[in-house]
Amino acid sequence: MHEPLDPRYNHKAIEDAIYKKWESSGYFNPDNLATKNKERGVKKSKSLTKNSKLTSSAKREDPFTIIMPPPNANGSLHLGHAVFVTLQDIMTRYARMKGKKTLWLPGADHAGFETQVVFDKKLEKEGRNRFAMDRETLWKEIWDFTQQNKKVMESQLRKLGASCDWSREKFTLDPDIVRIVYDTFEKMYRDGLVERDAGIISWCPKHQTSLSDLEIKDIERTDSFYYFRYGPFTIGTARPETKFGDKYVVMHPDDTRYKEYKNGEQLHLEWINGPLTATIIKDEAMDMEFGSGVMTITPWHSTVDFDIAMRHGLDKEQVIDERGRLLPIAGEFAGMKILEARPKIVEKLRLKGLLARTDEAYRHTVRACYKCNTLIEPQIKKQWFVRMTRALKTQAQKTNRLPANKIHHHGVSLRDMAVKAATSGKMKFHPTHAKKILLHWMENIRDWNISRQIVWGIRIPAWFCASCGEIKVNATPKAKLFLVRHGETDWNKEERGHGHANPPLNNAGIAYAGTLATRLRAWKIEAIITSDLHRARHTAEIIAHGTNARIIPAQELRGRNVGIAQGMYHTERRALYGDIFQSYEKAPPGGESFKDFEERTWSAFREHRTTHRHKNIVIVTHIETIHAILKRTKKWSMEQMIARQSEKSGFTEFDILDPCLKCKNDLYEQDPDVFDTWFSSGQWPFATLLASQETKNKEQGVRIPTTSKDLKTFYPTSVMETGHDILFFWVARMIMFGLYRTGEVPFRTVYLHGLVRDKDRQKMSKSKGNVIDPLGVAEEYGTDAVRMALVMGNTAGNDILISEDKIRGYRNFATKLWNIARFILMYQNKTEIHDSTHPPAYQIPKKYKFTATDKKFLAEAKKIKTEVGKHIEKFEVHLAAEKAYHYVWHTFADTIIEHYKPKLQKVTPPLAEDGTPAKPHKIPNKTTREKAEVARHILNSILMDSLIILHPFMPFITESIYEKIDPKNLLMTKPW
RNA sequence: GCGCGCUUAGCUCAGUGGUAGAGCGACUCGUUUACACCGAGUAGGCCGGGGGUUCGAUCCCCUCAGCGCGCACCA
């Protein structure tokens, strides 16, 4: 006799417990699934055929894999996440019930720039600013922030019912992942696919970093368009503020209007800040129809101009700085912000009679940072670029330290690999047109800037020889060396020269030393070598307190003996002895020449370095000592050093690597930049599988795992399910990286879902107040209802409309299902409910006769089960859900149950209010009893089928009902 | 400029070369011992316009219109 179910399904009471039951069963992990099946006596198959399809004849050995798109660890989950969780969980649960070796691998993304932006806002609220923070402190804070978010996210994924294998969970900053990312970078570097180059990049003046083309959005707007007289020409521009240095005037070679001018011809003309010599350039990139057909170029701040300048080998000059202010080249406008300067520049040109006319209503699009809408300022910078269309160098392949994995990509570019794989049908796309969109993008693909000037991310594993600039990639530093300036004294504050005088640290100096200690705590510092002067020594002691390092005083590291200038104010010193202090050889009266000072400190520096080879050391000393050491290390001339003095390199760090092959120096500086997040997440499918069970490849003497059990078993993965908005950002990159590193596509099927919108098609946003919190509605209506609402009526690629009404509708369905079960279980007071999917346990006694209607109902249930499965296999999840929903409610409940209800009630009247069985109205005869028995069997059977077909969509309620029927087993692993 | 889609009931969307479907909403009626978070039923559509292929087109082809999206250009 079954306990009667409550009249209402109470999701709050059961969801957490059900999830715990699943999780503790261990069956989220496919390794346990396999064992379990063996026990059940399922035959082992040797075939390791990888099926991307959720085929019906699966063996546990057939893998089914989804790598979860790792949510950004910078906030909590929103409805978009709920969509992917639902879709992927449906596919995963179906595959598992189908008997596949099913892996859904969860993870989280550090989401470099995105997280940095979120964190910047948080800092701003607190009145802080990342540009005033040191790298280590900022890193630590963001790390803690993301770890916290990650924890919340994990619990939210559980709440949504995600049946993923937590034992394989990965974070993009896990050391093993980072190592794999580094290896890929190194391999690409050796193959000539990644290069450091001074290219024109898109710079966000607010975020102070470069961005990729994908991180920029176009904004259409109306601006003034100015026509200026530039010598005999009229040039048009919307950006007068860039025009200061324009000394090239470009026109199309076929433009008859200007045929009298020859390429390279020079002419003198009057320009913004005075006379100028301009050079004529003929270039076919010019559009003769646009404006006057003539323009001047600013190669430093325009992609098109940059290209022209490169073609003709022209000079390039920076006009606007990184913060969007004009540089000294702008003369009187220097230091002004662009928008402030623009009208003033126009006014000046007008007064000079150089303004021909102004078009006030010029419609054009400008490029802006996708996060803050700040206008992008193109800049020329040395950065790392992935060459998308460059063919792999065969030569490099041979000398590659990394194994090639039998991949032969000779003469093929990353783009070509991806295009070939997409066109060859190795991957299926849902919706199908996604393939066309991808190919079109690939055709027009451009090199990818992967350097980001932020702290949060995977730091680029490239080191530059401090002496000759030679690049080393993917090195392993042996030790770190810090050159640190002592804290401030009152003399520093008053701008007086110290020499060997000994004033104490002031309060600011002590505080600064404290921040150094905090910062250096990130490394295991073994020794602090310090100038023996009090200010340095005191600083060293404070640092030592934070690091437990040994202090070694060294008199030779004292600053320069300035003799007579000791205690003198800098202004006075400059007036009296300026030339001496600018000179290499000359010594001030009673003091040292720079040459002698440099010799003294350099030899001390070398000696200490030899003594403490391969240990992390800090050298606390004086600014001029640091400059002297840098001068020698970097082989600067005196002039170069003086020019750099303003940089105030009070904190300089070096990595010690194997000596440079070119110049024998072993001090290196690591590229301060980090990778574009997508550079690491683009490697996610193979990186997660490789990292989860890495094995070392001893044969090749390589410390990098090139394969793993998981990679062999689960790669290529079955499905990549993600939002269509990151088709280029992510999917395209995963295809390229996957092919490049493993020779295989990373996934067989790409399924893209749309954006979640509200019922009025509005994008959800906090400011509109139409945001539905998935966890909130799950709490109110039950997770199953939310999942159904997200799946119903939604096709791949289309936007998903959701409203609370819709969710409420599926909550009603959950109640309906609950009551179906309640009704059937109510009549099970005689016979245990049986499970049609376990034939030995379920046999309808032969003596019972089935009517044609009985048979029809049973056959129909089987048919529906097959059809729902087929829909899932064809990635028509919405149709599967709809079919299951419709069948269960309108066929099973409305027709079948109603059909059998009287037969049951004749034998066993329903339970009374208090749950006790009522007495039959009269003693039923044999036929009546048999009919009731058949009815029970049929209803049991169809109930089980209903639970099975609904389980992927509504896992909690179905498992919860199943628990009442069969408390010892899980519906989750029941064969479909 | 290049590319990709979409247009079917009031709304959201399925769908198929052979008489148009679901959910929600609307309306009518019913039921209260599985479920009112229920049941039975009704209304509502020249399947965007035009042309073609076909015995037959909502479906295939062409074209036009409207809407949406992506990419590029943007002096």
# chains A, B, ... in the order shown; residues from 1 in each chain; ligands from 1

$ interface_residues --of "chain B" --to "chain A" --cutoff "9 Å" --atoms "only C-alpha atoms (C1' of nucleotides)" --output "PyMOL selection string"
chain B and resi 3-5+12-14+22-24+33-35+37-39+70-72+74-75

$ residues_around --residues "Ala522 of chain A" --least-positions-apart "4" --cutoff "9 Å" --atoms "only C-alpha atoms (C1' of nucleotides)" --output "MDAnalysis selection string"
chainID A and resid 136 518 547

$ write_last_selection --atoms "N, CA and C atoms" --output "compact mmCIF listing (two decimals), in the first residue's frame"
# COMPACT_ATOMS: atom_id res chain seq x y z
N GLU A 136 49.46 42.80 -7.77
CA GLU A 136 49.23 41.67 -6.86
C GLU A 136 47.99 41.86 -6.01
N THR A 518 53.07 43.78 1.59
CA THR A 518 51.85 43.06 1.18
C THR A 518 52.02 42.50 -0.23
N THR A 547 57.43 38.99 4.80
CA THR A 547 57.85 37.87 3.95
C THR A 547 58.73 36.85 4.64

$ residues_around --residues "Thr851 of chain A" --least-positions-apart "2" --cutoff "12 Å" --atoms "only C-alpha atoms (C1' of nucleotides)" --output "MDAnalysis selection string"
chainID A and resid 848:849 853:858 930:931 934:935 938

$ closest_residue --among "A:Asp710, A:Asp16, A:Glu289, A:Asp447" --to "Met388 of chain A" --atoms "only C-alpha atoms"
A:Asp447

$ select_by_dssp --residues "segment 169-396 of chain A" --states "strand (DSSP E or B)" --output "CSV table (one decimal) with N, CA and C atoms, in the first residue's frame"
chain,number,residue,atom,x,y,z
A,170,LYS,N,36.1,22.5,-13.9
A,170,LYS,CA,37.3,23.3,-14.2
A,170,LYS,C,37.0,24.8,-14.2
A,171,PHE,N,38.1,25.5,-13.8
A,171,PHE,CA,38.0,26.9,-13.8
A,171,PHE,C,39.1,27.3,-14.8
A,194,VAL,N,51.2,33.2,-34.2
A,194,VAL,CA,51.0,34.3,-33.2
A,194,VAL,C,52.3,35.1,-33.2
A,195,GLU,N,52.1,36.4,-33.2
A,195,GLU,CA,53.3,37.3,-33.5
A,195,GLU,C,53.1,38.5,-32.7
A,196,ARG,N,54.2,39.1,-32.2
A,196,ARG,CA,54.2,40.4,-31.6
A,196,ARG,C,54.6,41.4,-32.6
A,197,ASP,N,53.7,42.4,-32.7
A,197,ASP,CA,53.9,43.3,-33.8
A,197,ASP,C,53.3,44.7,-33.4
A,198,ALA,N,53.9,45.7,-33.9
A,198,ALA,CA,53.3,47.1,-33.7
A,198,ALA,C,52.2,47.2,-34.7
A,199,GLY,N,51.0,46.9,-34.3
A,199,GLY,CA,49.9,47.0,-35.2
A,199,GLY,C,48.9,48.1,-34.8
A,200,ILE,N,48.0,48.4,-35.6
A,200,ILE,CA,47.0,49.4,-35.1
A,200,ILE,C,45.9,48.6,-34.4
A,201,ILE,N,45.6,49.1,-33.2
A,201,ILE,CA,44.7,48.3,-32.3
A,201,ILE,C,43.6,49.3,-31.9
A,202,SER,N,42.5,48.7,-31.4
A,202,SER,CA,41.4,49.4,-30.9
A,202,SER,C,41.5,49.7,-29.5
A,203,TRP,N,41.6,50.9,-29.1
A,203,TRP,CA,42.0,51.3,-27.7
A,203,TRP,C,40.7,51.9,-27.1
A,204,CYS,N,40.4,51.4,-25.9
A,204,CYS,CA,39.3,52.1,-25.1
A,204,CYS,C,40.0,53.0,-24.1
A,209,THR,N,42.7,49.7,-22.3
A,209,THR,CA,43.2,48.5,-22.9
A,209,THR,C,42.8,48.4,-24.3
A,210,SER,N,43.5,47.5,-25.1
A,210,SER,CA,43.0,47.3,-26.4
A,210,SER,C,41.9,46.3,-26.4
A,211,LEU,N,41.2,46.2,-27.5
A,211,LEU,CA,40.0,45.3,-27.6
A,211,LEU,C,40.1,44.6,-28.9
A,216,ILE,N,33.8,45.5,-30.0
A,216,ILE,CA,33.5,46.9,-30.4
A,216,ILE,C,32.2,46.9,-31.1
A,217,LYS,N,31.4,47.9,-30.8
A,217,LYS,CA,30.1,48.0,-31.4
A,217,LYS,C,30.0,49.3,-32.2
A,218,ASP,N,29.2,49.2,-33.2
A,218,ASP,CA,29.1,50.4,-34.1
A,218,ASP,C,27.9,51.2,-33.5
A,219,ILE,N,28.1,52.5,-33.5
A,219,ILE,CA,27.0,53.4,-33.1
A,219,ILE,C,26.8,54.4,-34.2
A,220,GLU,N,25.6,54.5,-34.6
A,220,GLU,CA,25.3,55.5,-35.7
A,220,GLU,C,24.9,56.8,-35.1
A,221,ARG,N,25.5,57.8,-35.6
A,221,ARG,CA,25.2,59.2,-35.1
A,221,ARG,C,25.5,60.3,-36.1
A,222,THR,N,25.0,61.4,-35.7
A,222,THR,CA,25.2,62.6,-36.5
A,222,THR,C,26.2,63.5,-36.0
A,223,ASP,N,27.2,63.9,-36.8
A,223,ASP,CA,28.2,64.8,-36.4
A,223,ASP,C,28.4,65.9,-37.5
A,224,SER,N,29.2,66.8,-37.1
A,224,SER,CA,29.6,67.8,-38.2
A,224,SER,C,30.7,67.2,-39.0
A,225,PHE,N,30.7,67.6,-40.3
A,225,PHE,CA,31.7,67.1,-41.2
A,225,PHE,C,32.4,68.4,-41.8
A,226,TYR,N,33.6,68.5,-41.6
A,226,TYR,CA,34.3,69.8,-41.9
A,226,TYR,C,35.1,69.6,-43.2
A,227,TYR,N,35.1,70.7,-44.0
A,227,TYR,CA,35.9,70.8,-45.2
A,227,TYR,C,37.0,71.8,-45.0
A,228,PHE,N,38.2,71.5,-45.1
A,228,PHE,CA,39.3,72.4,-44.8
A,228,PHE,C,40.1,72.6,-46.1
A,229,ARG,N,40.7,73.8,-46.2
A,229,ARG,CA,41.6,74.0,-47.3
A,229,ARG,C,43.0,73.6,-46.9
A,230,TYR,N,43.5,72.6,-47.6
A,230,TYR,CA,44.8,72.1,-47.3
A,230,TYR,C,45.6,72.3,-48.6
A,233,PHE,N,44.1,71.8,-52.0
A,233,PHE,CA,43.0,70.8,-51.9
A,233,PHE,C,42.0,71.2,-50.9
A,234,THR,N,40.9,70.6,-51.0
A,234,THR,CA,39.9,70.6,-49.9
A,234,THR,C,39.8,69.2,-49.4
A,235,ILE,N,40.0,69.1,-48.1
A,235,ILE,CA,39.9,67.8,-47.5
A,235,ILE,C,38.7,67.8,-46.5
A,236,GLY,N,38.1,66.6,-46.4
A,236,GLY,CA,36.9,66.5,-45.5
A,236,GLY,C,37.3,65.7,-44.3
A,237,THR,N,36.8,66.0,-43.2
A,237,THR,CA,37.0,65.2,-42.0
A,237,THR,C,36.0,65.4,-40.9
A,248,TYR,N,50.6,64.0,-45.2
A,248,TYR,CA,50.5,63.3,-46.5
A,248,TYR,C,49.1,63.6,-47.0
A,249,VAL,N,49.0,63.9,-48.2
A,249,VAL,CA,47.7,64.1,-48.8
A,249,VAL,C,47.4,63.1,-49.9
A,250,VAL,N,46.3,62.4,-49.8
A,250,VAL,CA,46.1,61.2,-50.6
A,250,VAL,C,45.0,61.3,-51.6
A,251,MET,N,45.2,60.8,-52.8
A,251,MET,CA,44.1,60.8,-53.8
A,251,MET,C,44.3,59.6,-54.7
A,266,GLN,N,56.0,67.2,-53.4
A,266,GLN,CA,55.9,67.9,-52.2
A,266,GLN,C,55.4,69.3,-52.4
A,267,LEU,N,54.6,69.8,-51.5
A,267,LEU,CA,54.2,71.2,-51.6
A,267,LEU,C,54.1,71.8,-50.2
A,268,HIS,N,54.3,73.1,-50.2
A,268,HIS,CA,54.3,73.8,-48.9
A,268,HIS,C,53.0,74.5,-48.7
A,269,LEU,N,52.5,74.4,-47.5
A,269,LEU,CA,51.2,75.0,-47.2
A,269,LEU,C,51.1,75.4,-45.8
A,270,GLU,N,50.0,76.1,-45.5
A,270,GLU,CA,49.8,76.6,-44.2
A,270,GLU,C,48.8,75.7,-43.5
A,271,TRP,N,49.1,75.3,-42.3
A,271,TRP,CA,48.2,74.3,-41.6
A,271,TRP,C,47.9,74.8,-40.2
A,274,GLY,N,50.8,76.3,-38.2
A,274,GLY,CA,51.9,76.9,-39.0
A,274,GLY,C,52.2,76.2,-40.3
A,275,PRO,N,53.3,76.6,-41.0
A,275,PRO,CA,53.6,76.1,-42.3
A,275,PRO,C,54.0,74.6,-42.2
A,276,LEU,N,53.8,73.9,-43.3
A,276,LEU,CA,54.0,72.5,-43.3
A,276,LEU,C,54.4,72.0,-44.7
A,277,THR,N,55.2,71.0,-44.8
A,277,THR,CA,55.5,70.4,-46.1
A,277,THR,C,54.7,69.2,-46.3
A,278,ALA,N,53.9,69.1,-47.3
A,278,ALA,CA,53.0,68.0,-47.5
A,278,ALA,C,53.5,67.2,-48.7
A,279,THR,N,53.2,65.9,-48.6
A,279,THR,CA,53.6,65.0,-49.7
A,279,THR,C,52.4,64.4,-50.3
A,280,ILE,N,52.4,64.3,-51.7
A,280,ILE,CA,51.2,63.8,-52.4
A,280,ILE,C,51.4,62.2,-52.4
A,281,ILE,N,50.4,61.5,-52.1
A,281,ILE,CA,50.4,60.1,-52.2
A,281,ILE,C,49.2,59.6,-53.0
A,282,LYS,N,49.5,58.8,-54.0
A,282,LYS,CA,48.4,58.3,-54.8
A,282,LYS,C,48.1,56.8,-54.4
A,294,VAL,N,39.9,63.7,-51.8
A,294,VAL,CA,41.2,63.9,-51.3
A,294,VAL,C,41.1,63.9,-49.8
A,295,MET,N,42.1,63.3,-49.2
A,295,MET,CA,42.2,63.3,-47.7
A,295,MET,C,43.6,63.4,-47.2
A,296,THR,N,43.8,63.9,-46.0
A,296,THR,CA,45.1,63.7,-45.4
A,296,THR,C,44.9,62.5,-44.5
A,320,ILE,N,47.1,61.6,-30.2
A,320,ILE,CA,46.2,61.5,-29.0
A,320,ILE,C,46.8,60.4,-28.1
A,325,ARG,N,43.7,62.4,-24.7
A,325,ARG,CA,44.0,63.8,-24.7
A,325,ARG,C,45.1,64.1,-25.7
A,326,LEU,N,45.1,65.3,-26.2
A,326,LEU,CA,46.0,65.7,-27.3
A,326,LEU,C,47.4,65.8,-26.8
A,337,LYS,N,41.0,67.3,-24.0
A,337,LYS,CA,40.3,66.2,-24.4
A,337,LYS,C,39.7,66.4,-25.8
A,355,LEU,N,38.8,77.0,-43.2
A,355,LEU,CA,37.6,76.3,-43.2
A,355,LEU,C,36.7,76.6,-44.4
A,356,ALA,N,36.5,75.6,-45.2
A,356,ALA,CA,35.8,75.9,-46.5
A,356,ALA,C,34.3,75.8,-46.2
A,357,ARG,N,33.8,74.8,-45.6
A,357,ARG,CA,32.4,74.7,-45.2
A,357,ARG,C,32.2,73.6,-44.2
A,358,THR,N,31.0,73.5,-43.6
A,358,THR,CA,30.7,72.5,-42.6
A,358,THR,C,29.4,71.9,-43.0
A,359,ASP,N,29.4,70.6,-43.0
A,359,ASP,CA,28.1,69.8,-43.2
A,359,ASP,C,27.7,69.4,-41.8
A,360,GLU,N,26.6,70.0,-41.3
A,360,GLU,CA,26.2,69.8,-39.9
A,360,GLU,C,25.5,68.4,-39.7
A,361,ALA,N,25.0,67.9,-40.7
A,361,ALA,CA,24.2,66.7,-40.5
A,361,ALA,C,24.9,65.5,-41.2
A,362,TYR,N,26.0,65.1,-40.8
A,362,TYR,CA,26.7,64.0,-41.4
A,362,TYR,C,26.4,62.8,-40.6
A,363,ARG,N,25.8,61.8,-41.3
A,363,ARG,CA,25.4,60.5,-40.6
A,363,ARG,C,26.6,59.6,-40.8
A,364,HIS,N,27.1,59.1,-39.8
A,364,HIS,CA,28.1,58.0,-39.9
A,364,HIS,C,28.1,57.2,-38.7
A,365,THR,N,28.8,56.1,-38.8
A,365,THR,CA,28.9,55.2,-37.6
A,365,THR,C,30.3,55.3,-37.0
A,366,VAL,N,30.3,55.3,-35.7
A,366,VAL,CA,31.6,55.4,-35.0
A,366,VAL,C,31.7,54.1,-34.2
A,367,ARG,N,32.9,53.8,-33.8
A,367,ARG,CA,33.1,52.5,-33.1
A,367,ARG,C,33.3,52.8,-31.6
A,368,ALA,N,32.7,52.0,-30.8
A,368,ALA,CA,32.7,52.3,-29.4
A,368,ALA,C,33.0,51.0,-28.6
A,369,CYS,N,33.5,51.1,-27.4
A,369,CYS,CA,33.7,50.0,-26.5
A,369,CYS,C,32.4,49.4,-26.2
A,375,LEU,N,34.1,56.1,-27.1
A,375,LEU,CA,34.6,56.0,-28.5
A,375,LEU,C,36.0,55.4,-28.5
A,377,GLU,N,39.6,54.7,-29.7
A,377,GLU,CA,40.7,55.5,-30.3
A,377,GLU,C,41.7,54.5,-30.9
A,378,PRO,N,41.8,54.4,-32.2
A,378,PRO,CA,42.8,53.5,-32.7
A,378,PRO,C,44.2,54.0,-32.3
A,379,GLN,N,45.1,53.1,-31.9
A,379,GLN,CA,46.4,53.5,-31.5
A,379,GLN,C,47.4,52.4,-32.1
A,380,ILE,N,48.6,52.8,-32.3
A,380,ILE,CA,49.6,51.8,-32.7
A,380,ILE,C,50.3,51.3,-31.5
A,381,LYS,N,50.3,50.0,-31.3
A,381,LYS,CA,50.9,49.5,-30.1
A,381,LYS,C,51.5,48.1,-30.5
A,382,LYS,N,52.6,47.8,-29.7
A,382,LYS,CA,53.1,46.4,-29.9
A,382,LYS,C,52.3,45.5,-29.1
A,383,GLN,N,51.7,44.6,-29.8
A,383,GLN,CA,50.8,43.6,-29.2
A,383,GLN,C,50.9,42.2,-29.9
A,384,TRP,N,50.3,41.3,-29.2
A,384,TRP,CA,50.3,39.9,-29.8
A,384,TRP,C,49.1,39.8,-30.7
A,385,PHE,N,49.4,39.3,-31.9
A,385,PHE,CA,48.3,39.0,-32.9
A,385,PHE,C,48.3,37.6,-33.3
A,386,VAL,N,47.1,37.0,-33.4
A,386,VAL,CA,46.9,35.7,-34.0
A,386,VAL,C,46.7,35.9,-35.4
A,392,LEU,N,50.4,27.9,-41.9
A,392,LEU,CA,51.4,27.4,-41.0
A,392,LEU,C,52.8,27.2,-41.7

$ residues_around --residues "C27 of chain B" --least-positions-apart "5" --cutoff "12 Å" --atoms "only C-alpha atoms (C1' of nucleotides)" --output "list of chain:residue names"
B:G41, B:U42, B:A43, B:G44

$ write_last_selection --atoms "N, CA, C and O atoms (P, O5', C5', C4', C3', O3' and C1' of nucleotides)" --output "CSV table (one decimal), in the first residue's frame"
chain,number,residue,atom,x,y,z
B,41,G,P,-14.4,17.8,-26.2
B,41,G,O5',-15.0,19.3,-26.5
B,41,G,C5',-16.1,19.4,-27.4
B,41,G,C4',-16.8,20.7,-27.2
B,41,G,C3',-16.4,21.8,-28.1
B,41,G,O3',-16.9,21.6,-29.4
B,41,G,C1',-16.8,22.7,-26.0
B,42,U,P,-16.2,22.2,-30.7
B,42,U,O5',-16.6,23.8,-30.5
B,42,U,C5',-17.9,24.2,-30.7
B,42,U,C4',-18.1,25.7,-30.6
B,42,U,C3',-17.1,26.5,-31.5
B,42,U,O3',-17.7,26.6,-32.8
B,42,U,C1',-17.0,27.4,-29.3
B,43,A,P,-16.7,26.8,-34.0
B,43,A,O5',-16.4,28.3,-34.0
B,43,A,C5',-17.5,29.3,-34.0
B,43,A,C4',-16.9,30.6,-33.6
B,43,A,C3',-15.7,31.2,-34.4
B,43,A,O3',-16.2,31.9,-35.5
B,43,A,C1',-15.2,31.3,-32.1
B,44,G,P,-15.5,31.6,-36.9
B,44,G,O5',-14.1,32.3,-36.7
B,44,G,C5',-14.0,33.7,-36.6
B,44,G,C4',-12.6,34.0,-36.0
B,44,G,C3',-11.4,33.5,-36.9
B,44,G,O3',-11.2,34.5,-37.9
B,44,G,C1',-11.0,32.9,-34.7

$ residues_around --residues "segment 761-771 of chain A" --least-positions-apart "5" --cutoff "12 Å" --atoms "only C-alpha atoms (C1' of nucleotides)" --output "list of chain:residue names"
A:Leu77, A:His78, A:Leu79, A:Gly80, A:Gly754, A:Leu755, A:Val756, A:Gly776, A:Val777, A:Asn798, A:Asp799, A:Ile800, A:Leu801, A:Ile802, A:Ser803, A:Glu804, B:C11, B:U12, B:G68

$ write_last_selection --atoms "C-alpha atoms (C1' of nucleotides)" --output "mmCIF file, in the first residue's frame"
data_model
loop_
_atom_site.group_PDB
_atom_site.id
_atom_site.type_symbol
_atom_site.label_atom_id
_atom_site.label_comp_id
_atom_site.auth_asym_id
_atom_site.auth_seq_id
_atom_site.Cartn_x
_atom_site.Cartn_y
_atom_site.Cartn_z
ATOM 1 C CA LEU A 77 23.121 33.206 -13.075
ATOM 2 C CA HIS A 78 20.447 34.838 -15.190
ATOM 3 C CA LEU A 79 17.782 33.401 -17.455
ATOM 4 C CA GLY A 80 20.240 32.993 -20.303
ATOM 5 C CA GLY A 754 18.647 32.693 -28.779
ATOM 6 C CA LEU A 755 18.443 35.559 -26.423
ATOM 7 C CA VAL A 756 15.880 35.462 -23.650
ATOM 8 C CA GLY A 776 13.518 33.417 -7.867
ATOM 9 C CA VAL A 777 10.851 31.987 -10.153
ATOM 10 C CA ASN A 798 15.396 32.075 -32.219
ATOM 11 C CA ASP A 799 14.892 34.407 -29.332
ATOM 12 C CA ILE A 800 13.157 32.925 -26.351
ATOM 13 C CA LEU A 801 10.143 34.642 -24.931
ATOM 14 C CA ILE A 802 9.261 34.065 -21.375
ATOM 15 C CA SER A 803 6.856 35.491 -18.872
ATOM 16 C CA GLU A 804 5.695 34.587 -15.455
ATOM 17 C "C1'" C B 11 -0.406 36.909 -28.758
ATOM 18 C "C1'" U B 12 3.922 33.328 -29.006
ATOM 19 C "C1'" G B 68 15.005 41.557 -37.550
#

$ residues_around --residues "segment 415-422 of chain A" --least-positions-apart "6" --cutoff "7 Å" --atoms "only C-alpha atoms (C1' of nucleotides)" --output "list of chain:residue names"
A:Met388, A:Thr389, A:Leu439, A:Met442, A:Ile735, A:Met736, A:Leu739
